[in-house]
Structures are given as C-alpha cells and as structure tokens.
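File shown here: protein_16.cif, holding mmCIF, C-alpha atoms, pLDDT in the B column; chains and numbers go by the auth columns.
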```
data_structure
loop_
_atom_site.group_PDB
_atom_site.id
_atom_site.type_symbol
_atom_site.label_atom_id
_atom_site.label_comp_id
_atom_site.label_asym_id
_atom_site.label_seq_id
_atom_site.Cartn_x
_atom_site.Cartn_y
_atom_site.Cartn_z
_atom_site.B_iso_or_equiv
_atom_site.auth_seq_id
_atom_site.auth_asym_id
ATOM 1 C CA GLY A 1 -29.013 19.427 -26.954 55.00 1 A
ATOM 2 C CA GLU A 2 -26.166 17.183 -25.956 65.00 2 A
ATOM 3 C CA ASP A 3 -26.707 13.455 -26.051 84.00 3 A
ATOM 4 C CA VAL A 4 -24.431 10.625 -24.996 89.00 4 A
ATOM 5 C CA GLU A 5 -25.312 7.059 -25.929 91.00 5 A
ATOM 6 C CA GLN A 6 -23.958 3.727 -24.788 93.00 6 A
ATOM 7 C CA SER A 7 -24.981 0.128 -25.064 90.00 7 A
ATOM 8 C CA LEU A 8 -26.614 -1.098 -21.874 90.00 8 A
ATOM 9 C CA PHE A 9 -24.813 -4.353 -21.224 95.00 9 A
ATOM 10 C CA LEU A 10 -21.533 -6.149 -21.930 97.00 10 A
ATOM 11 C CA SER A 11 -20.456 -9.581 -20.757 97.00 11 A
ATOM 12 C CA VAL A 12 -16.850 -10.816 -20.992 97.00 12 A
ATOM 13 C CA ARG A 13 -14.798 -13.658 -19.586 97.00 13 A
ATOM 14 C CA GLU A 14 -12.162 -13.000 -16.988 97.00 14 A
ATOM 15 C CA GLY A 15 -8.803 -12.378 -18.645 97.00 15 A
ATOM 16 C CA ASP A 16 -10.309 -11.165 -21.920 97.00 16 A
ATOM 17 C CA SER A 17 -10.344 -7.556 -23.067 97.00 17 A
ATOM 18 C CA SER A 18 -13.482 -5.460 -22.676 97.00 18 A
ATOM 19 C CA VAL A 19 -14.378 -2.662 -25.038 97.00 19 A
ATOM 20 C CA ILE A 20 -17.110 -0.254 -24.032 97.00 20 A
ATOM 21 C CA ASN A 21 -18.298 2.162 -26.686 96.00 21 A
ATOM 22 C CA CYS A 22 -19.913 5.562 -26.542 95.00 22 A
ATOM 23 C CA THR A 23 -21.143 8.132 -29.035 94.00 23 A
ATOM 24 C CA TYR A 24 -21.784 11.771 -28.304 91.00 24 A
ATOM 25 C CA THR A 25 -23.256 14.676 -30.208 87.00 25 A
ATOM 26 C CA ASP A 26 -21.683 17.863 -28.875 80.00 26 A
ATOM 27 C CA SER A 27 -18.796 18.833 -31.140 76.00 27 A
ATOM 28 C CA SER A 28 -17.662 21.485 -28.686 77.00 28 A
ATOM 29 C CA SER A 29 -16.824 18.915 -26.037 75.00 29 A
ATOM 30 C CA THR A 30 -13.476 19.676 -24.471 78.00 30 A
ATOM 31 C CA TYR A 31 -13.118 16.653 -22.231 85.00 31 A
ATOM 32 C CA LEU A 32 -14.450 13.134 -22.470 90.00 32 A
ATOM 33 C CA TYR A 33 -14.651 11.062 -19.311 92.00 33 A
ATOM 34 C CA TRP A 34 -15.130 7.516 -18.183 95.00 34 A
ATOM 35 C CA TYR A 35 -16.668 6.929 -14.785 95.00 35 A
ATOM 36 C CA LYS A 36 -17.063 3.643 -12.941 96.00 36 A
ATOM 37 C CA GLN A 37 -19.910 2.876 -10.555 95.00 37 A
ATOM 38 C CA GLU A 38 -19.565 -0.149 -8.340 94.00 38 A
ATOM 39 C CA PRO A 39 -22.648 -1.613 -6.638 90.00 39 A
ATOM 40 C CA GLY A 40 -23.926 0.619 -3.862 87.00 40 A
ATOM 41 C CA ALA A 41 -21.446 3.378 -4.586 91.00 41 A
ATOM 42 C CA GLY A 42 -21.285 6.695 -6.364 92.00 42 A
ATOM 43 C CA LEU A 43 -19.637 7.333 -9.705 94.00 43 A
ATOM 44 C CA GLN A 44 -15.868 7.462 -9.621 93.00 44 A
ATOM 45 C CA LEU A 45 -13.773 9.135 -12.299 91.00 45 A
ATOM 46 C CA LEU A 46 -11.661 6.481 -14.018 93.00 46 A
ATOM 47 C CA THR A 47 -9.948 8.503 -16.682 92.00 47 A
ATOM 48 C CA TYR A 48 -10.444 11.374 -19.066 90.00 48 A
ATOM 49 C CA ILE A 49 -9.140 12.450 -22.431 90.00 49 A
ATOM 50 C CA PHE A 50 -8.749 15.924 -23.826 87.00 50 A
ATOM 51 C CA SER A 51 -10.518 16.453 -27.119 85.00 51 A
ATOM 52 C CA ASN A 52 -7.322 17.112 -29.089 86.00 52 A
ATOM 53 C CA MET A 53 -5.970 13.661 -28.230 88.00 53 A
ATOM 54 C CA ASP A 54 -6.628 10.401 -30.062 91.00 54 A
ATOM 55 C CA MET A 55 -5.572 7.978 -27.408 95.00 55 A
ATOM 56 C CA LYS A 56 -4.724 7.788 -23.761 94.00 56 A
ATOM 57 C CA GLN A 57 -3.357 4.785 -21.934 94.00 57 A
ATOM 58 C CA ASP A 58 -3.377 4.289 -18.192 91.00 58 A
ATOM 59 C CA GLN A 59 -2.223 0.858 -17.049 94.00 59 A
ATOM 60 C CA ARG A 60 -4.949 -1.590 -18.160 96.00 60 A
ATOM 61 C CA LEU A 61 -7.155 1.170 -19.528 96.00 61 A
ATOM 62 C CA THR A 62 -6.961 2.538 -23.063 97.00 62 A
ATOM 63 C CA VAL A 63 -9.211 5.343 -24.212 96.00 63 A
ATOM 64 C CA LEU A 64 -9.660 5.935 -27.928 96.00 64 A
ATOM 65 C CA LEU A 65 -11.278 9.056 -29.290 95.00 65 A
ATOM 66 C CA ASN A 66 -12.504 9.510 -32.859 93.00 66 A
ATOM 67 C CA LYS A 67 -13.510 13.130 -32.866 90.00 67 A
ATOM 68 C CA LYS A 68 -14.686 13.064 -36.473 90.00 68 A
ATOM 69 C CA ASP A 69 -17.214 10.334 -35.710 92.00 69 A
ATOM 70 C CA LYS A 70 -17.796 11.540 -32.130 91.00 70 A
ATOM 71 C CA HIS A 71 -16.972 8.072 -30.867 94.00 71 A
ATOM 72 C CA LEU A 72 -15.250 7.228 -27.616 95.00 72 A
ATOM 73 C CA SER A 73 -14.216 3.816 -26.381 97.00 73 A
ATOM 74 C CA LEU A 74 -12.754 2.354 -23.226 97.00 74 A
ATOM 75 C CA ARG A 75 -10.700 -0.804 -23.469 97.00 75 A
ATOM 76 C CA ILE A 76 -9.925 -2.758 -20.322 97.00 76 A
ATOM 77 C CA ALA A 77 -7.133 -5.266 -20.807 97.00 77 A
ATOM 78 C CA ASP A 78 -7.048 -8.517 -18.822 97.00 78 A
ATOM 79 C CA THR A 79 -10.502 -7.891 -17.387 98.00 79 A
ATOM 80 C CA GLN A 80 -10.903 -8.990 -13.774 97.00 80 A
ATOM 81 C CA THR A 81 -14.006 -9.781 -11.720 96.00 81 A
ATOM 82 C CA GLY A 82 -13.356 -6.561 -9.813 95.00 82 A
ATOM 83 C CA ASP A 83 -13.983 -4.674 -13.028 97.00 83 A
ATOM 84 C CA SER A 84 -17.655 -5.666 -12.907 97.00 84 A
ATOM 85 C CA ALA A 85 -19.500 -2.366 -12.605 97.00 85 A
ATOM 86 C CA ILE A 86 -21.469 0.183 -14.573 96.00 86 A
ATOM 87 C CA TYR A 87 -19.315 2.388 -16.789 97.00 87 A
ATOM 88 C CA PHE A 88 -20.506 5.847 -17.718 95.00 88 A
ATOM 89 C CA CYS A 89 -19.235 7.855 -20.619 94.00 89 A
ATOM 90 C CA ALA A 90 -19.515 11.629 -20.195 91.00 90 A
ATOM 91 C CA GLU A 91 -18.666 14.724 -22.168 87.00 91 A
ATOM 92 C CA GLY A 92 -17.858 18.141 -20.829 82.00 92 A
ATOM 93 C CA ASP A 93 -16.866 21.530 -22.076 70.00 93 A
ATOM 94 C CA SER A 94 -14.793 24.176 -20.387 59.00 94 A
ATOM 95 C CA GLY A 95 -17.173 26.945 -21.226 59.00 95 A
ATOM 96 C CA GLY A 96 -19.954 28.142 -19.050 53.00 96 A
ATOM 97 C CA TYR A 97 -20.337 26.103 -15.916 58.00 97 A
ATOM 98 C CA GLN A 98 -18.248 23.241 -17.176 62.00 98 A
ATOM 99 C CA LYS A 99 -21.308 21.203 -17.924 71.00 99 A
ATOM 100 C CA VAL A 100 -20.898 17.453 -17.984 81.00 100 A
ATOM 101 C CA THR A 101 -23.440 15.252 -19.753 85.00 101 A
ATOM 102 C CA PHE A 102 -23.522 11.594 -18.766 89.00 102 A
ATOM 103 C CA GLY A 103 -24.461 8.619 -20.867 91.00 103 A
ATOM 104 C CA THR A 104 -26.868 5.919 -19.820 90.00 104 A
ATOM 105 C CA GLY A 105 -24.168 3.625 -18.519 94.00 105 A
ATOM 106 C CA THR A 106 -22.941 0.195 -19.659 96.00 106 A
ATOM 107 C CA LYS A 107 -23.151 -2.637 -17.185 96.00 107 A
ATOM 108 C CA LEU A 108 -20.043 -4.806 -17.489 97.00 108 A
ATOM 109 C CA GLN A 109 -20.366 -8.371 -16.241 97.00 109 A
ATOM 110 C CA VAL A 110 -17.149 -10.348 -15.903 97.00 110 A
ATOM 111 C CA ILE A 111 -17.623 -14.094 -15.930 96.00 111 A
ATOM 112 C CA PRO A 112 -15.026 -16.047 -13.920 92.00 112 A
ATOM 113 C CA ASP B 1 -10.311 15.625 2.122 66.00 1 B
ATOM 114 C CA ALA B 2 -12.996 13.062 2.943 79.00 2 B
ATOM 115 C CA GLY B 3 -14.720 13.565 -0.385 92.00 3 B
ATOM 116 C CA VAL B 4 -18.360 14.432 -0.907 96.00 4 B
ATOM 117 C CA ILE B 5 -20.347 13.304 2.106 97.00 5 B
ATOM 118 C CA GLN B 6 -24.014 12.445 1.922 97.00 6 B
ATOM 119 C CA SER B 7 -26.421 11.506 4.644 97.00 7 B
ATOM 120 C CA PRO B 8 -28.289 9.397 5.346 97.00 8 B
ATOM 121 C CA ARG B 9 -27.038 6.439 3.283 96.00 9 B
ATOM 122 C CA HIS B 10 -30.452 4.824 3.380 97.00 10 B
ATOM 123 C CA GLU B 11 -33.851 6.310 4.071 97.00 11 B
ATOM 124 C CA VAL B 12 -37.153 4.481 4.260 98.00 12 B
ATOM 125 C CA THR B 13 -40.214 6.610 4.709 97.00 13 B
ATOM 126 C CA GLU B 14 -43.945 6.434 4.313 97.00 14 B
ATOM 127 C CA MET B 15 -45.774 8.139 1.509 97.00 15 B
ATOM 128 C CA GLY B 16 -46.684 11.693 2.432 97.00 16 B
ATOM 129 C CA GLN B 17 -43.786 12.231 4.797 98.00 17 B
ATOM 130 C CA GLU B 18 -41.137 14.886 4.363 97.00 18 B
ATOM 131 C CA VAL B 19 -37.671 13.674 3.428 98.00 19 B
ATOM 132 C CA THR B 20 -34.468 15.698 3.697 98.00 20 B
ATOM 133 C CA LEU B 21 -31.247 14.577 2.072 98.00 21 B
ATOM 134 C CA ARG B 22 -27.958 16.212 3.014 98.00 22 B
ATOM 135 C CA CYS B 23 -24.701 16.852 1.243 98.00 23 B
ATOM 136 C CA LYS B 24 -21.316 18.243 2.192 98.00 24 B
ATOM 137 C CA PRO B 25 -19.221 19.033 -0.901 97.00 25 B
ATOM 138 C CA ILE B 26 -15.466 18.953 -1.101 95.00 26 B
ATOM 139 C CA SER B 27 -14.011 22.007 0.581 94.00 27 B
ATOM 140 C CA GLY B 28 -13.220 24.714 -1.959 92.00 28 B
ATOM 141 C CA HIS B 29 -15.414 23.314 -4.718 92.00 29 B
ATOM 142 C CA ASP B 30 -17.685 25.989 -6.131 91.00 30 B
ATOM 143 C CA TYR B 31 -20.198 23.806 -7.988 92.00 31 B
ATOM 144 C CA LEU B 32 -22.658 21.414 -6.412 95.00 32 B
ATOM 145 C CA PHE B 33 -24.993 19.080 -8.270 95.00 33 B
ATOM 146 C CA TRP B 34 -27.916 16.898 -7.232 96.00 34 B
ATOM 147 C CA TYR B 35 -28.634 13.810 -9.349 95.00 35 B
ATOM 148 C CA ARG B 36 -31.246 11.090 -9.171 96.00 36 B
ATOM 149 C CA GLN B 37 -30.583 7.571 -10.440 94.00 37 B
ATOM 150 C CA THR B 38 -33.245 4.999 -11.277 92.00 38 B
ATOM 151 C CA MET B 39 -33.254 1.882 -13.408 86.00 39 B
ATOM 152 C CA MET B 40 -35.842 3.346 -15.723 85.00 40 B
ATOM 153 C CA ARG B 41 -34.452 6.839 -16.235 86.00 41 B
ATOM 154 C CA GLY B 42 -30.765 6.434 -15.519 86.00 42 B
ATOM 155 C CA LEU B 43 -28.868 9.407 -14.097 90.00 43 B
ATOM 156 C CA GLU B 44 -30.864 12.650 -14.078 90.00 44 B
ATOM 157 C CA LEU B 45 -29.542 16.083 -13.137 91.00 45 B
ATOM 158 C CA LEU B 46 -32.034 17.701 -10.781 95.00 46 B
ATOM 159 C CA ILE B 47 -30.407 21.013 -9.888 95.00 47 B
ATOM 160 C CA TYR B 48 -27.005 22.614 -9.605 93.00 48 B
ATOM 161 C CA PHE B 49 -25.502 25.485 -7.639 94.00 49 B
ATOM 162 C CA ASN B 50 -22.562 27.770 -8.279 92.00 50 B
ATOM 163 C CA ASN B 51 -21.144 29.608 -5.294 94.00 51 B
ATOM 164 C CA ASN B 52 -24.239 28.601 -3.303 95.00 52 B
ATOM 165 C CA VAL B 53 -26.626 30.121 -5.841 95.00 53 B
ATOM 166 C CA PRO B 54 -29.067 27.839 -7.696 95.00 54 B
ATOM 167 C CA ILE B 55 -28.322 28.147 -11.402 91.00 55 B
ATOM 168 C CA ASP B 56 -30.568 25.614 -13.096 90.00 56 B
ATOM 169 C CA ASP B 57 -33.403 23.716 -11.442 93.00 57 B
ATOM 170 C CA SER B 58 -35.112 22.630 -14.650 90.00 58 B
ATOM 171 C CA GLY B 59 -34.532 19.005 -13.752 91.00 59 B
ATOM 172 C CA MET B 60 -36.487 19.175 -10.521 94.00 60 B
ATOM 173 C CA PRO B 61 -39.482 16.961 -11.239 88.00 61 B
ATOM 174 C CA GLU B 62 -42.178 18.792 -9.301 87.00 62 B
ATOM 175 C CA ASP B 63 -42.857 21.485 -6.757 92.00 63 B
ATOM 176 C CA ARG B 64 -42.611 18.791 -4.130 96.00 64 B
ATOM 177 C CA PHE B 65 -38.850 18.931 -4.602 97.00 65 B
ATOM 178 C CA SER B 66 -36.763 21.804 -3.272 97.00 66 B
ATOM 179 C CA ALA B 67 -33.049 22.305 -2.746 98.00 67 B
ATOM 180 C CA LYS B 68 -31.048 24.801 -0.758 97.00 68 B
ATOM 181 C CA MET B 69 -27.419 25.639 -0.229 98.00 69 B
ATOM 182 C CA PRO B 70 -27.187 27.973 2.769 97.00 70 B
ATOM 183 C CA ASN B 71 -23.386 27.991 2.708 96.00 71 B
ATOM 184 C CA ALA B 72 -20.451 26.612 0.777 95.00 72 B
ATOM 185 C CA SER B 73 -20.224 23.460 2.844 96.00 73 B
ATOM 186 C CA PHE B 74 -23.809 22.258 3.023 97.00 74 B
ATOM 187 C CA SER B 75 -26.772 21.547 0.784 98.00 75 B
ATOM 188 C CA THR B 76 -30.131 19.882 1.252 98.00 76 B
ATOM 189 C CA LEU B 77 -32.640 18.285 -1.077 98.00 77 B
ATOM 190 C CA LYS B 78 -36.130 18.109 0.364 98.00 78 B
ATOM 191 C CA ILE B 79 -39.141 16.178 -0.863 97.00 79 B
ATOM 192 C CA GLN B 80 -42.479 17.115 0.654 97.00 80 B
ATOM 193 C CA PRO B 81 -44.732 15.195 0.465 97.00 81 B
ATOM 194 C CA SER B 82 -42.872 12.098 -0.681 97.00 82 B
ATOM 195 C CA GLU B 83 -44.411 9.560 -3.066 97.00 83 B
ATOM 196 C CA PRO B 84 -43.447 5.965 -3.950 97.00 84 B
ATOM 197 C CA ARG B 85 -42.248 7.081 -7.398 96.00 85 B
ATOM 198 C CA ASP B 86 -39.601 9.201 -5.679 97.00 86 B
ATOM 199 C CA SER B 87 -37.822 5.996 -4.671 97.00 87 B
ATOM 200 C CA ALA B 88 -34.341 6.217 -6.176 97.00 88 B
ATOM 201 C CA VAL B 89 -30.706 6.771 -5.318 96.00 89 B
ATOM 202 C CA TYR B 90 -29.916 10.459 -4.940 98.00 90 B
ATOM 203 C CA PHE B 91 -26.357 11.601 -5.565 97.00 91 B
ATOM 204 C CA CYS B 92 -24.636 14.816 -4.733 97.00 92 B
ATOM 205 C CA ALA B 93 -21.524 15.826 -6.657 95.00 93 B
ATOM 206 C CA SER B 94 -19.175 18.781 -6.558 93.00 94 B
ATOM 207 C CA SER B 95 -16.552 20.272 -8.841 90.00 95 B
ATOM 208 C CA LEU B 96 -14.179 23.196 -9.111 86.00 96 B
ATOM 209 C CA THR B 97 -14.048 25.819 -11.836 77.00 97 B
ATOM 210 C CA GLY B 98 -10.883 25.509 -13.842 66.00 98 B
ATOM 211 C CA LEU B 99 -10.396 21.835 -13.120 68.00 99 B
ATOM 212 C CA VAL B 100 -12.726 20.461 -15.751 67.00 100 B
ATOM 213 C CA ASN B 101 -10.367 17.591 -16.379 70.00 101 B
ATOM 214 C CA TYR B 102 -11.113 16.273 -12.913 74.00 102 B
ATOM 215 C CA GLY B 103 -14.814 16.050 -13.702 80.00 103 B
ATOM 216 C CA TYR B 104 -17.226 15.735 -10.849 88.00 104 B
ATOM 217 C CA THR B 105 -16.634 14.062 -7.501 92.00 105 B
ATOM 218 C CA PHE B 106 -19.661 12.096 -6.396 94.00 106 B
ATOM 219 C CA GLY B 107 -20.865 11.163 -2.954 96.00 107 B
ATOM 220 C CA SER B 108 -21.890 7.605 -2.127 95.00 108 B
ATOM 221 C CA GLY B 109 -25.547 8.453 -2.543 96.00 109 B
ATOM 222 C CA THR B 110 -28.715 8.200 -0.476 97.00 110 B
ATOM 223 C CA ARG B 111 -30.987 5.291 -1.290 97.00 111 B
ATOM 224 C CA LEU B 112 -34.531 6.505 -0.723 98.00 112 B
ATOM 225 C CA THR B 113 -37.429 4.108 -0.451 98.00 113 B
ATOM 226 C CA VAL B 114 -40.927 5.517 -0.126 98.00 114 B
ATOM 227 C CA VAL B 115 -43.525 2.928 0.875 97.00 115 B
#
```

Go through the file and emit its structure as structure tokens.
Amino acid sequence: GEDVEQSLFLSVREGDSSVINCTYTDSSSTYLYWYKQEPGAGLQLLTYIFSNMDMKQDQRLTVLLNKKDKHLSLRIADTQTGDSAIYFCAEGDSGGYQKVTFGTGTKLQVIP
Amino acid sequence: DAGVIQSPRHEVTEMGQEVTLRCKPISGHDYLFWYRQTMMRGLELLIYFNNNVPIDDSGMPEDRFSAKMPNASFSTLKIQPSEPRDSAVYFCASSLTGLVNYGYTFGSGTRLTVV
C-alpha cells in the first residue's frame, strides 16, 4: 500500500532556511501536498505540486519534486517563529475517490 | 463559507459514557473523512463517506465506534462506551470530486479526553 515517510523533528534558527523532506511509495500519485498544523488547529493546505512538475515556488515556499526517487521537499526561506508547526507531506491520486495519504508529520521548531 | 465546522472543541467524559462528535462539511463537498490524531499513532483515517454513503470504515478501531451521515451537511462520530485509550484529537475533513489539487479541508478538531 501507499506509504509516506518524514523525519519527526527539525530545529532551525530564525532567519535561516528550513528544508523538510518526504519520501513516498505510490508511483501513481498525481498530486503531492504540504499541510501545516499549528498548535490546537486542524491541518491547513500550504501548497501542492502536480506530479509532472519539478518545482513550484510560492513566496517563501519552494517545493521540489524528484519523481524518479519519489522524494518531495519543502523549503521555507527566512524561517520565522510563526512557521513553528507540524508539517505534513501527503500524496494523492485523481483516480477513485481521490485518496490522500498523509505522512507522519515533521515538527518544525524555530529558535529565536 | 465558514469551512468545516466541528463541535464540541473539547470534550471530557468518564470512561463508559457515550460520546458524540459532530461535523458540518463545506457546502457542496461530496466527500467527508473522519481522522484521529494521537502522539503515538499520528493521523489515522477512521472512515470516509461519498455522497453521504460510507465507503470505507476499515480504520474504525472497534465496534464501539460508529459514524453516520444522515445528510450532506452533517455527520457524527459516536463512541459507546468510551475508554481512556480513545483520548485523542478527532478531525473531520471534506473535499470535492474534481478538485484534487485543493486536497482536503480540515476542521479545527475535537479534543477528547476520557478519564
């Protein structure tokens, strides 16, 4: 079955770049997503990338996709304390019921 | 749209009591999902509905858990009887066929504590 793996924890200093990595197993994935979960809140879609793209940039966020290695990364430039949260990688396909499989989440701690 | 609305936000109950969690999906969304989040097990899919019909409930941990969706704008997740190990944050999410790129929209969750 599908599996999405992430490291559990990342700590960076304010102003530095953060890179959160993710690997997935389903080669039929159509969309790859990054969600952010702030304390006490639900998951919020940050960005997504279509599987035929290599890169997507959205302000401070850069998503890189290596489809051959099934590797996805999220880079946050100029990381701020407000970026402290849990980041979930997820994969989805457009077939069937548009199933989305979530990773375990990476807790990002930004040190002032 | 106000987003996915869950109630209550917090629930504290005694072991053995019945607990009902509620969810109102985004209007027009045809999929509804119930997730459970714990430190130990992360985010687990419990059950999902399409057009109010339960499609896959293989994630429901035990017969003590049941979910219903009587109409397109309301769903419940019931635990009877509740146990301390059911303590978790329960999320409801909804999505719309054909808009896969938008992923799921999650509610703020219900934090359940069973003592």

Between A:Ser7, A:Gln44, A:Ser27, A:Gln37, single out the one closest to chain B, counting all atoms listed in the file.
A:Gln44

Report as a PyMOL selection string all protein, DNA and RNA residues lying within 10 Å of A:Cys22, evaluated on all atoms listed in the file, omitting residues in the same chain fewer than 6 positions from it.
chain A and resi 4-7+34+65+70-74+88-90+103-106

Using only C-alpha atoms and a cut-off of 6 Å, which residues of chain A sit close to chain B? Please list them as a count of residues only.
4

Give the answer as one residue: which of B:Pro70, B:Ser7, B:Val53, B:Met60 has the shortest atom-to-atom distance to B:Val19, using all atoms listed in the file?
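When distances to B:Val19 are compared using all atoms listed in the file, the smallest one comes from B:Ser7.
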
Applied to the shown file, which residues does the PyMOL selection byres ((chain A and resi 28) around 9) return, written as a list in words?
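So the PyMOL selection byres ((chain A and resi 28) around 9) ends up selecting Thr25, Asp26, Ser27, Ser29, Thr30, Ser51, Gly92 and Asp93 of chain A.
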
Nearest candidate to B:Val115 (options B:Arg85, B:His29, B:His10, B:Lys78; using all atoms listed in the file)
B:Arg85

Reference answer for the PyMOL selection byres ((chain B and resi 59) around 7), as a compact mmCIF listing (two decimals) with C-alpha atoms, in the frame of the given file:
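Saved result, expr26.txt, follows:
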```
# COMPACT_ATOMS: atom_id res chain seq x y z
CA LEU B 45 -29.54 16.08 -13.14
CA LEU B 46 -32.03 17.70 -10.78
CA ILE B 47 -30.41 21.01 -9.89
CA ASP B 57 -33.40 23.72 -11.44
CA SER B 58 -35.11 22.63 -14.65
CA MET B 60 -36.49 19.18 -10.52
CA PRO B 61 -39.48 16.96 -11.24
```

Which distance in Å separates atom CA of A:Val110 and atom CA of A:Met55, to one decimal?
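A separation of 24.5 Å between them.
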
Counting all atoms listed in the file, which residues come within 7 Å of (-13.0, -4.3, -24.8), with the point read in the file's coordinates, and could you list them as number ranges by chain?
A: 17-20, 74-76

Between atom CA of A:Lys67 and atom CA of A:Thr23, distance in Å (one decimal):
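Answer for the atom CA of A:Lys67 to atom CA of A:Thr23 separation: 9.9 Å.
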
Taken to one decimal, the atom CA of A:Val100-atom CA of A:Tyr24 distance is 11.8 Å

With 8 Å on each side, where is the centre of the axis-aligned box around all listed atoms of stretch 6-14 of chain B, and how long are its edges in Å to one decimal, as JSON?
```
{"center_x": -34.0, "center_y": 8.5, "center_z": 3.6, "size_x": 35.9, "size_y": 24.0, "size_z": 19.4}
```

Which one is closest to A:Lys36: A:Lys99, A:Ser84, A:Gln57, A:Ile111? Count only C-alpha atoms.
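Residue with the minimum atom-to-atom distance to A:Lys36: A:Ser84.
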
Select, from B:Asp56, B:Asp30, B:Asp63, B:Glu11, the residue with the minimum atom-to-atom distance to B:Gln80, counting all atoms listed in the file.
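The closest residue to B:Gln80 is B:Asp63.
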
Taking the file as shown, find all residues satisfying the PyMOL selection byres ((chain A and resi 112) around 10) and write them as number ranges by chain.
A: 12-15, 79-81, 109-111

Ranking A:Thr101, A:Asn21, A:Asn52, A:Thr62 by minimum distance to A:Ala77 and counting only C-alpha atoms, which one comes first?
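Under the stated criterion, the closest residue is A:Thr62.
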